[in-house]
$ cat upload.csv   # CSV, C-alpha atoms and all ligand atoms
chain,number,residue,atom,x,y,z
A,216,MET,CA,136.0,78.7,-1.7
A,217,LYS,CA,139.2,80.4,-2.4
A,218,SER,CA,141.4,82.4,0.0
A,219,THR,CA,143.3,85.5,-0.8
A,220,VAL,CA,147.1,85.7,-0.6
A,221,TYR,CA,148.6,89.1,-1.1
A,222,PHE,CA,152.1,89.4,-2.6
A,223,ILE,CA,154.8,92.0,-2.9
A,224,ASP,CA,157.9,91.4,-5.0
A,225,MET,CA,161.3,92.7,-4.1
A,226,ARG,CA,161.2,95.7,-6.5
A,227,ALA,CA,161.6,99.1,-5.0
A,228,THR,CA,161.4,102.7,-6.3
A,229,PHE,CA,162.2,106.1,-4.9
A,230,ARG,CA,158.5,106.6,-4.4
A,231,GLU,CA,158.1,103.4,-2.4
A,232,ASN,CA,161.0,101.4,-1.0
A,233,PHE,CA,160.7,97.8,0.2
A,234,GLN,CA,159.9,98.7,3.8
A,235,ALA,CA,157.0,101.0,2.7
A,236,LYS,CA,155.8,98.2,0.5
A,237,LEU,CA,155.9,95.8,3.4
A,238,GLY,CA,153.7,98.2,5.4
A,239,ARG,CA,151.2,98.4,2.5
A,240,LEU,CA,151.2,94.6,2.3
A,241,LEU,CA,150.2,94.3,6.0
A,242,GLU,CA,147.5,96.9,5.6
A,243,THR,CA,146.1,95.3,2.5
A,244,ALA,CA,146.1,91.8,4.1
A,245,GLY,CA,144.0,93.2,6.9
A,246,ILE,CA,146.2,93.9,9.9
A,247,SER,CA,143.9,96.6,11.1
A,248,ASN,CA,141.0,94.1,11.2
A,249,VAL,CA,143.0,91.8,13.4
A,250,VAL,CA,144.7,94.1,15.9
A,251,ASN,CA,142.8,96.3,18.3
A,252,LYS,CA,143.9,99.0,20.6
A,253,ARG,CA,145.8,97.7,23.7
A,254,ASP,CA,146.0,94.1,22.3
A,255,LEU,CA,149.1,92.2,23.3
A,256,VAL,CA,150.4,91.1,19.9
A,257,ALA,CA,152.8,88.1,19.6
A,258,ILE,CA,155.0,88.3,16.5
A,259,LYS,CA,156.1,84.7,16.2
A,260,LEU,CA,159.3,84.3,14.3
A,261,HIS,CA,162.5,82.3,14.3
A,262,PHE,CA,165.6,84.3,15.6
A,263,GLY,CA,167.9,81.9,13.8
A,264,GLU,CA,170.5,79.6,15.3
A,265,LEU,CA,173.9,81.1,15.9
A,266,GLY,CA,175.9,80.8,12.7
A,267,ASN,CA,172.8,80.8,10.5
A,268,THR,CA,172.2,84.0,8.5
A,269,ALA,CA,169.1,83.1,6.4
A,270,PHE,CA,166.5,84.2,9.0
A,271,ILE,CA,164.4,87.3,8.3
A,272,ARG,CA,166.4,90.6,8.7
A,273,PRO,CA,165.5,92.3,11.9
A,274,VAL,CA,164.9,95.7,10.1
A,275,HIS,CA,162.0,94.1,8.3
A,276,ILE,CA,160.5,93.0,11.6
A,277,ARG,CA,160.8,96.6,12.8
A,278,LYS,CA,158.4,97.6,10.1
A,279,ILE,CA,155.8,95.0,11.3
A,280,VAL,CA,156.3,96.3,14.8
A,281,GLU,CA,155.7,99.9,13.6
A,282,ARG,CA,152.4,98.9,11.9
A,283,ILE,CA,151.1,97.3,15.1
A,284,LYS,CA,152.2,100.2,17.2
A,285,ASN,CA,150.4,102.5,14.9
A,286,LEU,CA,147.2,100.6,15.8
A,287,GLU,CA,148.0,101.4,19.5
A,288,ALA,CA,148.6,97.8,20.3
A,289,ILE,CA,151.6,96.3,22.2
A,290,PRO,CA,153.8,94.0,20.0
A,291,PHE,CA,156.4,91.6,21.3
A,292,LEU,CA,158.7,89.2,19.4
A,293,THR,CA,158.5,85.6,20.5
A,294,ASP,CA,159.6,82.1,19.9
A,295,ALA,CA,159.6,78.9,22.0
A,296,ASN,CA,162.7,77.0,23.0
A,297,THR,CA,164.0,74.1,21.0
A,298,LEU,CA,163.8,70.5,21.8
A,299,TYR,CA,167.4,69.6,21.0
A,300,SER,CA,170.4,71.2,22.6
A,301,GLY,CA,171.7,74.2,20.7
A,302,THR,CA,171.9,78.0,21.1
A,303,ARG,CA,168.1,78.4,21.7
A,304,SER,CA,167.2,75.6,24.1
A,305,ASP,CA,166.6,77.7,27.2
A,306,ALA,CA,165.4,81.3,27.6
A,307,PRO,CA,168.8,83.0,28.5
A,308,ASN,CA,170.6,81.3,25.6
A,309,HIS,CA,167.7,81.9,23.2
A,310,LEU,CA,167.6,85.6,24.1
A,311,THR,CA,171.3,85.9,23.8
A,312,THR,CA,171.2,84.3,20.3
A,313,ALA,CA,168.4,86.6,19.2
A,314,LEU,CA,170.4,89.6,20.3
A,315,CYS,CA,173.6,88.3,18.6
A,316,ASN,CA,171.6,87.9,15.5
A,317,GLY,CA,170.5,91.5,15.6
A,318,PHE,CA,167.1,91.4,17.3
A,319,SER,CA,168.0,94.1,19.8
A,320,TYR,CA,165.4,96.6,21.0
A,321,SER,CA,167.3,99.4,19.2
A,322,VAL,CA,166.7,97.6,15.9
A,323,VAL,CA,163.3,95.9,16.3
A,324,ASP,CA,161.7,98.5,18.7
A,325,ALA,CA,159.9,95.7,20.6
A,326,PRO,CA,160.7,93.5,23.6
A,327,LEU,CA,161.6,89.8,23.2
A,328,VAL,CA,159.6,87.2,25.2
A,329,ILE,CA,160.4,83.5,25.2
A,330,ALA,CA,157.0,82.0,24.9
A,331,ASP,CA,157.6,78.8,27.0
A,332,GLY,CA,159.7,80.2,29.7
A,333,LEU,CA,163.1,79.5,31.2
A,334,ARG,CA,163.3,75.9,30.3
A,335,GLY,CA,160.4,75.3,27.9
A,336,ARG,CA,158.1,74.1,30.7
A,337,SER,CA,155.6,77.0,30.6
A,338,GLU,CA,152.8,75.5,28.6
A,339,THR,CA,149.1,75.3,28.3
A,340,ALA,CA,147.3,72.0,27.4
A,341,VAL,CA,144.8,72.9,24.7
A,342,ASP,CA,142.0,70.5,23.8
A,343,ILE,CA,142.0,69.8,20.1
A,344,ASN,CA,140.3,66.4,20.0
A,345,LEU,CA,141.8,65.4,16.6
A,346,THR,CA,142.9,62.0,15.3
A,347,ARG,CA,146.5,62.1,16.5
A,348,PHE,CA,146.2,64.3,19.6
A,349,LYS,CA,143.4,65.0,21.9
A,350,THR,CA,145.5,67.7,23.6
A,351,ALA,CA,148.3,70.0,22.3
A,352,HIS,CA,150.9,71.5,24.6
A,353,ILE,CA,151.4,75.0,23.5
A,354,ALA,CA,153.8,77.7,24.8
A,355,ASN,CA,151.9,79.8,27.4
A,356,GLU,CA,152.6,83.3,26.0
A,357,ILE,CA,151.3,82.2,22.6
A,358,VAL,CA,148.0,81.2,24.2
A,359,ASN,CA,148.0,84.3,26.4
A,360,ALA,CA,148.5,86.8,23.6
A,361,ASP,CA,145.5,88.5,22.2
A,362,VAL,CA,146.8,88.4,18.6
A,363,LEU,CA,149.2,86.2,16.8
A,364,VAL,CA,151.1,87.5,13.8
A,365,SER,CA,153.2,84.7,12.4
A,366,VAL,CA,156.2,85.9,10.4
A,367,ALA,CA,157.9,82.9,8.8
A,368,HIS,CA,161.0,82.5,6.8
A,369,PHE,CA,160.0,80.3,3.9
A,370,LYS,CA,162.7,77.7,3.0
A,371,GLY,CA,163.3,74.0,2.6
A,372,HIS,CA,163.0,71.7,5.5
A,373,GLU,CA,164.6,68.3,6.0
A,374,LEU,CA,161.5,66.7,7.7
A,375,ALA,CA,158.6,68.7,6.3
A,376,GLY,CA,159.9,69.3,2.8
A,377,PHE,CA,159.4,73.1,3.3
A,378,GLY,CA,159.0,75.3,6.3
A,379,GLY,CA,156.5,78.1,6.3
A,380,THR,CA,153.5,79.3,8.3
A,381,ILE,CA,152.3,75.8,9.5
A,382,LYS,CA,155.8,74.9,10.6
A,383,ASN,CA,156.3,78.2,12.4
A,384,LEU,CA,153.0,77.6,14.2
A,385,GLY,CA,152.6,73.9,14.8
A,386,MET,CA,156.2,73.1,15.8
A,387,GLY,CA,157.4,76.6,16.6
A,388,CYS,CA,154.7,77.4,19.2
A,389,ALA,CA,154.8,74.0,20.9
A,390,SER,CA,156.4,73.7,24.3
A,391,ARG,CA,159.3,71.2,24.6
A,392,LYS,CA,156.9,68.5,25.6
A,393,GLY,CA,154.7,69.3,22.6
A,394,LYS,CA,157.7,69.3,20.2
A,395,LEU,CA,158.8,65.9,21.5
A,396,ALA,CA,155.2,64.5,21.1
A,397,GLN,CA,155.2,65.5,17.5
A,398,HIS,CA,158.6,63.9,16.8
A,399,SER,CA,158.3,60.7,18.7
A,400,THR,CA,155.9,58.3,20.5
A,401,LEU,CA,158.8,57.0,22.6
A,402,SER,CA,160.8,58.3,25.6
A,403,PRO,CA,164.3,59.6,24.8
A,404,LYS,CA,167.0,56.9,24.7
A,405,VAL,CA,170.3,56.7,26.4
A,406,VAL,CA,173.2,56.0,24.1
A,407,ARG,CA,175.2,53.7,26.3
A,408,LYS,CA,178.5,54.3,24.6
A,409,LYS,CA,178.3,58.0,25.3
A,410,CYS,CA,177.0,57.8,28.9
A,411,LYS,CA,179.7,58.2,31.5
A,412,GLY,CA,177.4,57.3,34.4
A,413,CYS,CA,178.0,60.6,36.1
A,414,GLY,CA,174.4,60.8,37.3
A,415,ASP,CA,174.0,64.5,36.6
A,416,CYS,CA,170.8,63.9,34.7
A,417,VAL,CA,169.1,62.0,37.5
A,418,PRO,CA,167.9,64.9,39.7
A,419,ARG,CA,166.8,66.8,36.7
A,420,CYS,CA,164.0,64.5,35.9
A,421,SER,CA,160.8,65.7,37.6
A,422,GLN,CA,159.2,62.3,37.2
A,423,LYS,CA,162.0,60.3,38.8
A,424,ALA,CA,162.3,58.3,35.5
A,425,LEU,CA,166.1,58.5,35.4
A,426,SER,CA,168.5,56.4,37.3
A,427,VAL,CA,172.0,55.1,37.0
A,428,ILE,CA,172.4,51.3,37.0
A,429,ASP,CA,175.7,49.6,36.3
A,430,LYS,CA,177.3,53.0,35.6
A,431,LYS,CA,174.9,53.8,32.8
A,432,ALA,CA,171.8,56.0,32.9
A,433,ARG,CA,168.4,54.3,32.4
A,434,ILE,CA,165.0,55.8,31.6
A,435,ASP,CA,161.9,54.1,32.9
A,436,PRO,CA,159.4,54.5,30.1
A,437,GLU,CA,156.5,53.9,32.6
A,438,LYS,CA,157.4,57.0,34.5
A,439,CYS,CA,158.7,59.2,31.6
A,440,ILE,CA,156.2,61.8,30.4
A,441,GLY,CA,158.2,62.8,27.4
A,442,CYS,CA,159.0,66.4,28.6
A,443,GLY,CA,162.4,66.2,26.8
A,444,GLU,CA,164.3,68.0,29.4
A,445,CYS,CA,167.0,65.4,30.0
A,446,ILE,CA,168.1,65.7,26.3
A,447,LEU,CA,169.5,69.1,27.2
A,448,PHE,CA,171.1,68.3,30.4
A,449,CYS,CA,173.5,65.5,29.6
A,450,PRO,CA,176.9,67.1,29.1
A,451,ASN,CA,177.9,64.2,26.8
A,452,GLY,CA,174.9,64.2,24.5
A,453,ALA,CA,174.1,60.7,25.6
A,454,ILE,CA,170.3,61.2,25.9
A,455,GLN,CA,168.8,61.5,22.5
A,456,ILE,CA,165.4,61.8,20.8
A,457,GLN,CA,164.1,58.5,19.2
A,458,TRP,CA,163.0,59.8,15.8
A,459,ASN,CA,160.5,57.1,15.3
A,460,GLN,CA,157.7,59.0,13.5
A,461,SER,CA,157.3,58.4,9.8
A,462,ILE,CA,157.2,61.6,7.8
A,463,PRO,CA,153.4,61.6,7.0
A,464,VAL,CA,152.7,61.1,10.7
A,465,PHE,CA,155.1,63.8,11.7
A,466,LEU,CA,153.4,66.2,9.2
A,467,GLU,CA,149.9,65.3,10.5
A,468,ASN,CA,151.1,65.9,14.1
A,469,MET,CA,152.5,69.3,13.2
A,470,VAL,CA,149.3,70.3,11.4
A,471,GLU,CA,147.1,69.2,14.4
A,472,TYR,CA,149.3,71.3,16.7
A,473,THR,CA,148.7,74.2,14.4
A,474,ARG,CA,145.0,73.8,15.2
A,475,GLY,CA,145.9,74.0,18.9
A,476,VAL,CA,147.9,77.2,18.4
A,477,LEU,CA,145.0,78.9,16.6
A,478,LYS,CA,142.2,77.6,18.8
A,479,ASN,CA,141.6,80.8,20.8
A,480,LYS,CA,142.6,83.2,18.1
A,481,GLN,CA,139.6,83.3,15.7
A,482,GLY,CA,139.8,86.5,13.7
A,483,LYS,CA,143.0,87.5,15.6
A,484,THR,CA,145.7,86.1,13.3
A,485,LEU,CA,147.7,87.2,10.3
A,486,PHE,CA,150.3,85.1,8.5
A,487,VAL,CA,153.3,86.4,6.7
A,488,ASN,CA,155.9,84.4,4.7
A,489,PHE,CA,159.2,86.0,3.6
A,490,ILE,CA,160.3,84.1,0.5
A,491,THR,CA,163.8,85.4,0.7
A,492,ASN,CA,167.1,83.7,1.2
A,493,VAL,CA,165.3,80.4,0.4
A,494,SER,CA,167.9,78.1,1.9
A,495,PRO,CA,167.6,74.3,1.5
A,496,ALA,CA,167.2,73.6,5.2
A,497,CYS,CA,165.9,74.9,8.5
A,498,ASP,CA,167.2,78.0,10.3
A,499,CYS,CA,167.7,75.7,13.3
A,500,PHE,CA,171.1,74.7,11.8
A,501,PRO,CA,174.2,76.8,12.7
A,502,LEU,CA,174.7,77.4,9.0
A,503,ASN,CA,172.7,77.9,5.8
A,504,ASP,CA,173.7,76.7,2.4
A,505,ALA,CA,173.3,79.0,-0.6
A,506,PRO,CA,169.7,79.9,-1.6
A,507,ILE,CA,168.0,77.7,-4.2
A,508,VAL,CA,166.1,80.5,-5.9
A,509,ARG,CA,166.2,84.3,-6.1
A,510,ASP,CA,164.5,86.4,-3.5
A,511,ILE,CA,160.9,86.3,-4.6
A,512,GLY,CA,159.1,88.6,-2.1
A,513,VAL,CA,156.7,88.5,0.8
A,514,VAL,CA,153.1,87.0,1.0
A,515,ALA,CA,150.5,87.7,3.6
A,516,SER,CA,147.1,86.1,4.3
A,517,THR,CA,144.6,85.1,7.0
A,518,ASP,CA,144.7,81.5,5.7
A,519,PRO,CA,147.6,79.5,7.0
A,520,VAL,CA,147.2,76.8,4.3
A,521,ALA,CA,146.7,79.1,1.3
A,522,ILE,CA,149.8,81.1,2.2
A,523,ASP,CA,152.0,78.0,2.3
A,524,GLN,CA,150.6,76.6,-0.9
A,525,ALA,CA,151.1,79.9,-2.6
A,526,SER,CA,154.7,80.1,-1.3
A,527,VAL,CA,155.5,76.6,-2.5
A,528,ASP,CA,154.1,77.5,-5.9
A,529,LEU,CA,156.0,80.8,-6.2
A,530,VAL,CA,159.3,78.9,-5.4
A,531,ASN,CA,158.5,76.1,-7.8
A,532,GLN,CA,157.8,78.6,-10.7
A,533,GLU,CA,161.4,79.7,-10.5
A,534,SER,CA,164.6,78.4,-12.0
A,535,VAL,CA,167.2,77.5,-9.5
A,536,LEU,CA,170.2,79.9,-8.9
A,537,PRO,CA,173.5,78.8,-10.3
A,538,GLY,CA,175.9,77.3,-7.8
A,539,CYS,CA,173.2,76.1,-5.4
A,540,CYS,CA,172.9,72.5,-4.2
A,541,LEU,CA,170.1,71.5,-6.5
A,542,LYS,CA,171.0,69.3,-9.5
A,543,THR,CA,167.6,68.1,-10.5
A,544,ASN,CA,164.2,69.8,-11.0
A,545,THR,CA,166.1,73.0,-11.7
A,546,GLY,CA,163.7,74.6,-14.2
A,547,PRO,CA,160.6,76.7,-13.9
A,548,GLY,CA,157.6,74.6,-12.8
A,549,GLU,CA,159.7,71.7,-11.4
A,550,ASP,CA,159.4,70.7,-7.8
A,551,LYS,CA,162.4,72.0,-5.9
A,552,PHE,CA,161.3,70.6,-2.6
A,553,LYS,CA,161.0,67.1,-4.0
A,554,SER,CA,164.5,67.4,-5.4
A,555,LEU,CA,165.8,68.6,-2.0
A,556,TYR,CA,164.1,65.9,0.0
A,557,PRO,CA,162.9,63.0,-2.3
A,558,LYS,CA,161.5,61.0,0.7
A,559,VAL,CA,159.3,63.8,2.0
A,560,ASP,CA,155.8,64.0,0.5
A,561,TRP,CA,155.5,67.7,1.3
A,562,PRO,CA,151.9,68.1,-0.2
A,563,HIS,CA,150.7,65.8,2.6
A,564,GLN,CA,151.2,68.7,5.1
A,565,LEU,CA,148.8,70.9,3.1
A,566,ILE,CA,146.3,68.1,2.2
A,567,TYR,CA,145.9,67.1,5.8
A,568,ALA,CA,145.6,70.8,6.9
A,569,GLU,CA,142.8,71.2,4.4
A,570,LYS,CA,141.2,67.9,5.7
A,571,ILE,CA,141.0,69.2,9.3
A,572,GLN,CA,139.7,72.5,7.9
A,573,LEU,CA,142.6,74.7,8.9
A,574,GLY,CA,142.3,76.5,5.5
A,575,THR,CA,142.2,75.8,1.8
A,576,ARG,CA,144.8,75.1,-0.9
A,577,ASN,CA,142.7,77.1,-3.3
A,578,TYR,CA,143.9,80.7,-3.5
A,579,ASP,CA,143.9,83.9,-5.5
A,580,LEU,CA,147.3,85.5,-5.5
A,581,ILE,CA,147.0,89.2,-5.6
A,582,LYS,CA,150.1,91.2,-6.4
A,583,ILE,CA,150.0,94.6,-4.9
B,1,LIG,S1,173.1,60.2,30.5
B,1,LIG,FE1,174.6,61.9,30.6
B,1,LIG,S2,174.2,63.0,32.5
B,1,LIG,FE2,173.2,61.0,32.6
B,1,LIG,S3,174.6,59.6,33.7
B,1,LIG,FE3,175.0,59.4,31.5
B,1,LIG,S4,176.6,60.9,31.0
B,1,LIG,FE4,175.8,61.5,33.0
B,2,LIG,S1,161.9,63.0,29.0
B,2,LIG,FE1,161.4,64.1,30.9
B,2,LIG,S2,160.3,62.7,32.1
B,2,LIG,FE2,161.3,61.5,30.5
B,2,LIG,S3,163.3,60.9,31.4
B,2,LIG,FE3,163.7,62.8,30.4
B,2,LIG,S4,163.4,64.4,32.0
B,2,LIG,FE4,162.4,62.5,32.7
$ encode --input "upload.csv" --output "structure tokens"
Amino acid sequence: MKSTVYFIDMRATFRENFQAKLGRLLETAGISNVVNKRDLVAIKLHFGELGNTAFIRPVHIRKIVERIKNLEAIPFLTDANTLYSGTRSDAPNHLTTALCNGFSYSVVDAPLVIADGLRGRSETAVDINLTRFKTAHIANEIVNADVLVSVAHFKGHELAGFGGTIKNLGMGCASRKGKLAQHSTLSPKVVRKKCKGCGDCVPRCSQKALSVIDKKARIDPEKCIGCGECILFCPNGAIQIQWNQSIPVFLENMVEYTRGVLKNKQGKTLFVNFITNVSPACDCFPLNDAPIVRDIGVVASTDPVAIDQASVDLVNQESVLPGCCLKTNTGPGEDKFKSLYPKVDWPHQLIYAEKIQLGTRNYDLIKI
């Protein structure tokens, strides 16, 4: 069985500008079937790290908000805090970053809610009973929302090959604990050279897993539950994630988490990928290198696998832009993501998603 992916390109006319086209895309992809009157609608996006400019323009998000409000529902923009320390690792900093990047109420016409609370602890354990995880730790307000509209910026990604809908959901909607579980099976590590033995981290650990012995912090792996909080607290960056997951395992973890995110949302989701500003790496970096291909357009679907497969295919059909970082696989039909990250087997993400019946890689692309 094939899924349908709807597509608009970037062309605009006096009769229909890009914003109007975006509204038509949402309607054609079935937003009115997904959203009911008075539904609380989570629009899950990435506000961009400070210094990054490749994230989706807030004025486009406003159009999505408008469509949802037209259906008499209540939209809010949301994301969960990051695992690593940066400008989005707690709710106040995350909201400040979002505002600095242009996601103010006056622009987007909707409130911002950080889905996993002040410090990334507000989570729901969702039973998924899959191979890698029996339970997924998902940000509370994603679980609590009646509807989930995922709006992802499609681009390259250093660990996943590409980042689209599945990345926006599986990693983006996980609480800090959920994110750490996807990245590592180990407790964080203390880098002894960086540790000053100040002890500031010790009272921050809810599990009493941290102590200072011989002027260096120590983590007791028996007590540590992998919440990841200590990573943020050390002023010297001495507590770090142990990135021990192989890429295929990481991809499977992320896909299984996506199942957790979607578990209570049957018939209540819509996925949108903006294939614009296709930067080589994630919007989590405080920079973005030049886009690798031209702005292609926007796709929408109710199938999270089909939409990512279609987005990869649309990018790979292009020639690369002159002056970008790619030096191989530059022509139409060549694999741009393999060239960006040769060690990442990006199809594995989609093959595994299909295996656990998250969706299908078979799709019809309908240009509207
Ligand atoms: S890990 Fe960081 S916060 Fe903890 S004792 Fe060492 S320097 Fe201080
Ligand atoms: S990850 Fe959480 S439980 Fe483990 S040492 Fe750090 S703060 Fe404590």
$ residues_near_ligand --input "upload.csv" --ligand "ligand LIG 1 (chain B)" --cutoff "7 Å" --atoms "all atoms listed in the file" --output "PyMOL selection string"
chain A and resi 405+409-417+427+431-432+448-454
$ write_last_selection --input "upload.csv" --atoms "C-alpha atoms" --output "CSV table (one decimal), in the frame of the given file"
chain,number,residue,atom,x,y,z
A,405,VAL,CA,170.3,56.7,26.4
A,409,LYS,CA,178.3,58.0,25.3
A,410,CYS,CA,177.0,57.8,28.9
A,411,LYS,CA,179.7,58.2,31.5
A,412,GLY,CA,177.4,57.3,34.4
A,413,CYS,CA,178.0,60.6,36.1
A,414,GLY,CA,174.4,60.8,37.3
A,415,ASP,CA,174.0,64.5,36.6
A,416,CYS,CA,170.8,63.9,34.7
A,417,VAL,CA,169.1,62.0,37.5
A,427,VAL,CA,172.0,55.1,37.0
A,431,LYS,CA,174.9,53.8,32.8
A,432,ALA,CA,171.8,56.0,32.9
A,448,PHE,CA,171.1,68.3,30.4
A,449,CYS,CA,173.5,65.5,29.6
A,450,PRO,CA,176.9,67.1,29.1
A,451,ASN,CA,177.9,64.2,26.8
A,452,GLY,CA,174.9,64.2,24.5
A,453,ALA,CA,174.1,60.7,25.6
A,454,ILE,CA,170.3,61.2,25.9
$ closest_residue --input "upload.csv" --among "A:Ser337, A:Thr293, A:Asn316, A:Ser426" --to "ligand LIG 2 (chain B)" --atoms "only C-alpha atoms and all ligand atoms"
A:Ser426
$ residues_near_ligand --input "upload.csv" --ligand "ligand LIG 2 (chain B)" --cutoff "12 Å" --atoms "only C-alpha atoms and all ligand atoms" --output "NGL selection string"
:A and (298-299 or 334-336 or 391-396 or 399-405 or 415-427 or 432-449 or 453-457)
$ closest_residue --input "upload.csv" --among "A:Gln524, A:Lys542, A:Val366, A:Ile511" --to "A:Arg226" --atoms "all atoms listed in the file"
A:Ile511
$ residues_around --input "upload.csv" --residues "A:Phe318" --least-positions-apart "6" --cutoff "12 Å" --atoms "all atoms listed in the file" --output "list of chain:residue names"
A:Leu260, A:His261, A:Phe262, A:Gly263, A:Phe270, A:Ile271, A:Arg272, A:Pro273, A:Val274, A:His275, A:Ile276, A:Arg277, A:Phe291, A:Leu292, A:Thr293, A:His309, A:Leu310, A:Thr311, A:Thr312, A:Asp324, A:Ala325, A:Pro326, A:Leu327, A:Val328
$ atom_distance --input "upload.csv" --atom1 "atom CA of A:Gly546" --atom2 "atom CA of A:Val514"
22.3 Å
$ closest_residue --input "upload.csv" --among "A:Lys478, A:Thr380, A:Gly548, A:Ala521" --to "A:Asn344" --atoms "only C-alpha atoms"
A:Lys478
$ residues_near_point --input "upload.csv" --point "(147.6, 102.0, 19.9)" --cutoff "12 Å" --atoms "all atoms listed in the file" --output "list in words"
Ser247, Val250, Asn251, Lys252, Arg253, Asp254, Leu255, Val256, Val280, Glu281, Arg282, Ile283, Lys284, Asn285, Leu286, Glu287, Ala288, Ile289 and Pro290 of chain A
$ closest_residue --input "upload.csv" --among "A:Gly482, A:Gly475, A:Pro519, A:Gly574" --to "A:Leu345" --atoms "all atoms listed in the file"
A:Gly475
